[in-house]
Protein chains: 2
Amino acid sequence: MTNDPQMQRRATSYDVARQAGVSRSAVSRAFTPGASISKATRAKVIRAADALGYRVNHLAKGLSNRRSDLVGLIVADLDNPFRAAQIDSLARELVANGYRPLLFPSDENFSTAEIVHLLLHYSLSGVVVTSDAPPTEICAECVRNGTPLVLVNKEVDNAFVDRVSVDNLRGGRLAAEALIDAGCKDLVALRPSRRSYSIESRIRGFRDGADDAGLEVTMFDGDLQTYEGGQSTAARFIERRRRNTGVFCPTDYMALGFLDALVTEYALTVPKDLQLIGYDDIPQSGWSFARLTTISQPVDQLASAAVSLLIDRINNPDADARVEVVPVELVQRDTTS
Amino acid sequence: MTNDPQMQRRATSYDVARQAGVSRSAVSRAFTPGASISKATRAKVIRAADALGYRVNHLAKGLSNRRSDLVGLIVADLDNPFRAAQIDSLARELVANGYRPLLFPSDENFSTAEIVHLLLHYSLSGVVVTSDAPPTEICAECVRNGTPLVLVNKEVDNAFVDRVSVDNLRGGRLAAEALIDAGCKDLVALRPSRRSYSIESRIRGFRDGADDAGLEVTMFDGDLQTYEGGQSTAARFIERRRRNTGVFCPTDYMALGFLDALVTEYALTVPKDLQLIGYDDIPQSGWSFARLTTISQPVDQLASAAVSLLIDRINNPDADARVEVVPVELVQRDTTS
DNA sequence: GTGAAAGCGCTAACAC
DNA sequence: GTGTTAGCGCTTTCAC
């Protein structure tokens, strides 16, 4: 019973082994489910460990096992409630599967590429990217490094990386059909200034749907993909008054700003003066002031698909890359009739 | 130039040393800013490292240094935009200071206490808690374990733990003063069912403010501290019609549900029929439909204070615990006159 | 300035 | 079942 007054150090497996009168391997085995160790020894070890306040150091364990349970989680635009929900869901799913999410917000000053670079120093089990798709070279770097990488909702042409995505094309098409069913003859798609592959796909789907009904789609250049962007777009849009207009906005966050400005500041009545449909189904879209019709993305399904893709990749590093597509659904509310 | 076809392993400092014709220590020094190494050697090492795609393994480095740069970040209610902003800010601040945030969402099934327990296995540099305050024993466990702990916006009676908090008392008082200035004679405070120390403080501050003006405060039991909770509270509140009523709701998230229901479903006019003030200043409070007067918490200041508290603790483990209080501010919008 | 050697805390063969 | 030995990848005295 060494009792140094200075002894601040955490107890190690060595300390426990001494205390319990066994070897360090015994200690290790005591904490490894399914290891071959007698009940008696395990009990002795556990007792000593408790007394010493010992807990296995997972980082050291990882070093020894050549595998950490850390997963990088790269995210942008956390102010968008959709991203917040997505991160929440991903983090939970990772934790539920024994992984520890390392959160990295990306932005203009700190690009996804730089972050991936950083992360490669941590011998991670994997990386999940929900922000901008990293450039091809970065993806290649991960592969070269042997770090599993999963892209969420990023359709890039890096055919060699796993990704999971919502069915954007179909979502866009659903939006078009909903507006057409509601009697719209004049179809408009808002195109935010900062685009992405998934925004483009949604719009493409929308056009496809319109095409099939023999309708044209007018493109209207929107501003930022945020509430404020929606608002300022509305200010410009207001000049363009037509009858039976149906607007598709590829992000709820932006759609809400658009709607709010239209109703509150320009006194339009929705769906009478104009019909509107969004995408994402963020919580705010269900709020009374909005009741926005939208296309819902199943955030939880997206997350669990992403994590299972990651796990598969970890277990089978050399398998071919897969693309998982999760379904979307129309949520009919009051901005369409 | 060993060229095993199977060689999937990441290059180690050993490989680099061999390649560069130096020792492993030289490699280590080459990557340690300010280490004593000649320019020539460093150059040789860097070249070899680049060729091999070598990157120092920070986890191993941490093991050797007995310090990881990992910080646990425990958060609840990420659906509340305030929490999302808080996490975003904290994560950025941590990363900016060279730490890596390990994100753990807490909820009913996975309590803050359990998570702290989990985290203690990772020899973290520290833990930041923004969810419920962990029980005293857990805090004590951290201290015993030598893991720095910072509580954000949690005023608990654990005098021995560092914490940073917004000036809730003053915020509540500001709210009362604003309503009184706006002519309210009938003051009401909504008290959400799931309370917390900081909610209580806000309400206490509100009462103090009312007291000073010689006014009573009527307590109204609210439902959940969410948008939906606010909505359902409104449904019950609607029966209680008085003149010149001013309502204080200690969370914007809830206040917005309350307001939205009042206006959209019960056709009240704000601030004519009733004045309302919230707390947090989440982005949605500035949206046109709401224009909610509120008390703003400086999220970034909160985050940087938390991180600097953490860093101080890391550098000086035996210092006395500190409490940092950041100021609040009234944001006057359209729900008060 | 540089290398040898010991060690961070743990696990995984391998013998017994 | 259990202990011994040899690492995991890195840093850091300590001599030179």
# chains A, B, ... in the order shown; residues from 1 in each chain; ligands from 1
call {"tool": "closest_atom_pairs", "arguments": {"of": "chain C", "to": "chain A", "cutoff": "6 Å", "atoms": "only C-alpha atoms (C1' of nucleotides)", "output": "tab-separated table"}}
result
residue	atom	partner	partner_atom	distance
C:DG9	C1'	A:Ala60	CA	5.3
C:DC10	C1'	A:Lys61	CA	4.9
C:DT11	C1'	A:Ser64	CA	5.7
call {"tool": "interface_residues", "arguments": {"of": "chain A", "to": "chain B", "cutoff": "9 Å", "atoms": "only C-alpha atoms", "output": "number ranges by chain"}}
result
A: 8-10, 53, 55-60, 62-63, 68, 70, 78-81, 84-85, 87-88, 91-92, 95, 100-106, 120-123, 144-146, 227-228, 257, 260-261, 263-265, 283-284, 287-290
call {"tool": "write_last_selection", "arguments": {"atoms": "C-alpha atoms", "output": "short mmCIF file (atom, residue, chain, number, x, y, z; two decimals), in the first residue's frame"}}
result
data_model
loop_
_atom_site.label_atom_id
_atom_site.label_comp_id
_atom_site.auth_asym_id
_atom_site.auth_seq_id
_atom_site.Cartn_x
_atom_site.Cartn_y
_atom_site.Cartn_z
CA GLN A 8 -1.80 12.38 -8.15
CA ARG A 9 -1.31 9.99 -11.01
CA ARG A 10 -4.19 7.90 -12.16
CA GLY A 53 -10.31 4.17 -8.86
CA ARG A 55 -10.28 2.76 -15.35
CA VAL A 56 -8.71 1.39 -18.48
CA ASN A 57 -7.23 4.08 -20.65
CA HIS A 58 -8.99 3.69 -23.96
CA LEU A 59 -6.44 5.77 -25.76
CA ALA A 60 -3.60 3.48 -24.73
CA GLY A 62 -6.40 1.92 -28.93
CA LEU A 63 -2.73 2.41 -29.52
CA SER A 68 -9.19 4.07 -31.82
CA LEU A 70 -12.76 7.99 -32.52
CA LEU A 78 -24.81 24.52 -37.53
CA ASP A 79 -27.13 27.53 -37.37
CA ASN A 80 -29.38 25.76 -39.83
CA PRO A 81 -31.68 23.63 -37.66
CA ALA A 84 -28.17 20.66 -35.87
CA ALA A 85 -30.63 17.79 -36.03
CA ILE A 87 -25.36 16.24 -36.06
CA ASP A 88 -27.38 15.30 -33.04
CA ALA A 91 -23.49 11.75 -32.77
CA ARG A 92 -26.08 9.60 -31.02
CA VAL A 95 -22.05 6.73 -29.56
CA ARG A 100 -16.78 8.72 -30.07
CA PRO A 101 -17.54 11.63 -32.34
CA LEU A 102 -14.87 14.27 -32.66
CA LEU A 103 -16.75 17.41 -33.69
CA PHE A 104 -15.24 19.83 -36.18
CA PRO A 105 -17.23 22.79 -37.42
CA SER A 106 -16.03 23.91 -40.82
CA LEU A 120 -5.60 12.28 -40.13
CA HIS A 121 -3.29 12.79 -37.18
CA TYR A 122 -5.59 10.96 -34.85
CA SER A 123 -5.64 7.44 -36.25
CA ARG A 144 -4.32 6.15 -48.98
CA ASN A 145 -4.18 6.64 -45.25
CA GLY A 146 -6.60 3.81 -44.70
CA TYR A 227 -33.47 32.64 -43.36
CA GLU A 228 -32.01 36.03 -44.13
CA GLY A 257 -37.33 33.58 -44.52
CA ASP A 260 -42.07 35.18 -43.45
CA ALA A 261 -41.10 38.24 -45.45
CA VAL A 263 -46.53 37.38 -45.35
CA THR A 264 -45.35 39.78 -42.69
CA GLU A 265 -43.75 42.45 -44.76
CA PRO A 283 -38.94 21.77 -36.83
CA GLN A 284 -39.65 25.45 -37.54
CA TRP A 287 -44.55 26.15 -36.42
CA SER A 288 -47.91 27.86 -36.59
CA PHE A 289 -46.71 30.98 -38.30
CA ALA A 290 -45.40 28.94 -41.21
#
call {"tool": "closest_atom_pairs", "arguments": {"of": "chain D", "to": "chain A", "cutoff": "7 Å", "atoms": "only C-alpha atoms (C1' of nucleotides)", "output": "CSV"}}
result
residue,atom,partner,partner_atom,distance
D:DG1,C1',A:Ile37,CA,5.7
D:DG3,C1',A:Ser23,CA,6.2
D:DC8,C1',A:Ser64,CA,4.2
call {"tool": "write_last_selection", "arguments": {"atoms": "C-alpha atoms (C1' of nucleotides)", "output": "tab-separated table (two decimals), in the first residue's frame"}}
result
chain	number	residue	atom	x	y	z
D	1	DG	C1'	-6.35	-19.89	-16.60
D	3	DG	C1'	2.31	-14.83	-16.36
D	8	DC	C1'	1.62	-0.16	-30.37
call {"tool": "residues_around", "arguments": {"residues": "DC14 (chain D)", "least_positions_apart": "4", "cutoff": "12 Å", "atoms": "only C-alpha atoms (C1' of nucleotides)", "output": "list in words"}}
result
DT2, DG3, DA4, DA5 and DA6 of chain C
call {"tool": "residues_around", "arguments": {"residues": "DA15 (chain C)", "least_positions_apart": "4", "cutoff": "12 Å", "atoms": "only C-alpha atoms (C1' of nucleotides)", "output": "VMD selection string"}}
result
chain D and resid 2 to 5
call {"tool": "select_by_dssp", "arguments": {"residues": "region 59-106 of chain B", "states": "alpha helix (DSSP H)", "output": "list in words"}}
result
Leu59, Ala60, Lys61, Gly62, Leu63, Ser64, Asn65, Pro81, Phe82, Arg83, Ala84, Ala85, Gln86, Ile87, Asp88, Ser89, Leu90, Ala91, Arg92, Glu93, Leu94, Val95 and Ala96 of chain B
call {"tool": "write_last_selection", "arguments": {"atoms": "C-alpha atoms", "output": "PDB file, in the first residue's frame"}}
result
ATOM      1  CA  LEU B  59      -2.778   9.838 -29.781  1.00  0.00           C
ATOM      2  CA  ALA B  60       0.560   8.154 -29.246  1.00  0.00           C
ATOM      3  CA  LYS B  61       2.108  11.507 -28.628  1.00  0.00           C
ATOM      4  CA  GLY B  62      -0.514  12.188 -26.008  1.00  0.00           C
ATOM      5  CA  LEU B  63       0.171   8.897 -24.339  1.00  0.00           C
ATOM      6  CA  SER B  64       3.817   9.697 -24.166  1.00  0.00           C
ATOM      7  CA  ASN B  65       3.204  13.232 -22.964  1.00  0.00           C
ATOM      8  CA  PRO B  81     -31.317  26.593 -31.426  1.00  0.00           C
ATOM      9  CA  PHE B  82     -29.677  28.177 -28.444  1.00  0.00           C
ATOM     10  CA  ARG B  83     -27.923  24.943 -27.604  1.00  0.00           C
ATOM     11  CA  ALA B  84     -26.900  24.462 -31.208  1.00  0.00           C
ATOM     12  CA  ALA B  85     -25.321  27.897 -31.289  1.00  0.00           C
ATOM     13  CA  GLN B  86     -23.648  27.248 -27.974  1.00  0.00           C
ATOM     14  CA  ILE B  87     -22.112  23.990 -29.121  1.00  0.00           C
ATOM     15  CA  ASP B  88     -20.989  25.511 -32.358  1.00  0.00           C
ATOM     16  CA  SER B  89     -19.302  28.289 -30.491  1.00  0.00           C
ATOM     17  CA  LEU B  90     -17.706  26.033 -27.902  1.00  0.00           C
ATOM     18  CA  ALA B  91     -16.427  23.622 -30.510  1.00  0.00           C
ATOM     19  CA  ARG B  92     -14.886  26.429 -32.509  1.00  0.00           C
ATOM     20  CA  GLU B  93     -13.278  27.947 -29.469  1.00  0.00           C
ATOM     21  CA  LEU B  94     -11.826  24.622 -28.421  1.00  0.00           C
ATOM     22  CA  VAL B  95     -10.449  23.883 -31.855  1.00  0.00           C
ATOM     23  CA  ALA B  96      -9.007  27.376 -32.091  1.00  0.00           C
TER      24      ALA B  96
END
call {"tool": "residues_around", "arguments": {"residues": "Gly214 (chain B)", "least_positions_apart": "3", "cutoff": "12 Å", "atoms": "only C-alpha atoms (C1' of nucleotides)", "output": "VMD selection string"}}
result
chain B and resid 176 to 177 180 185 to 187 207 to 211 217
call {"tool": "residues_around", "arguments": {"residues": "Val188 (chain A)", "least_positions_apart": "6", "cutoff": "8 Å", "atoms": "only C-alpha atoms (C1' of nucleotides)", "output": "PyMOL selection string"}}
result
chain A and resi 217-220+245-248
call {"tool": "atom_distance", "arguments": {"atom1": "CA of Arg204 (chain A)", "atom2": "CA of Val161 (chain A)"}}
result
23.4 Å
call {"tool": "select_by_dssp", "arguments": {"residues": "region 89-327 of chain A", "states": "strand (DSSP E or B)", "output": "PyMOL selection string"}}
result
chain A and resi 100-106+126-129+149-152+162-166+186-191+217-221+245-248+275-280+293-296+323-326
call {"tool": "closest_residue", "arguments": {"among": "B:Leu190, B:Leu302, B:Ile295, B:Val307", "to": "Cys249 (chain B)", "atoms": "only C-alpha atoms"}}
result
B:Leu190
call {"tool": "atom_distance", "arguments": {"atom1": "CA of Val127 (chain B)", "atom2": "CA of Asn109 (chain A)"}}
result
25.8 Å
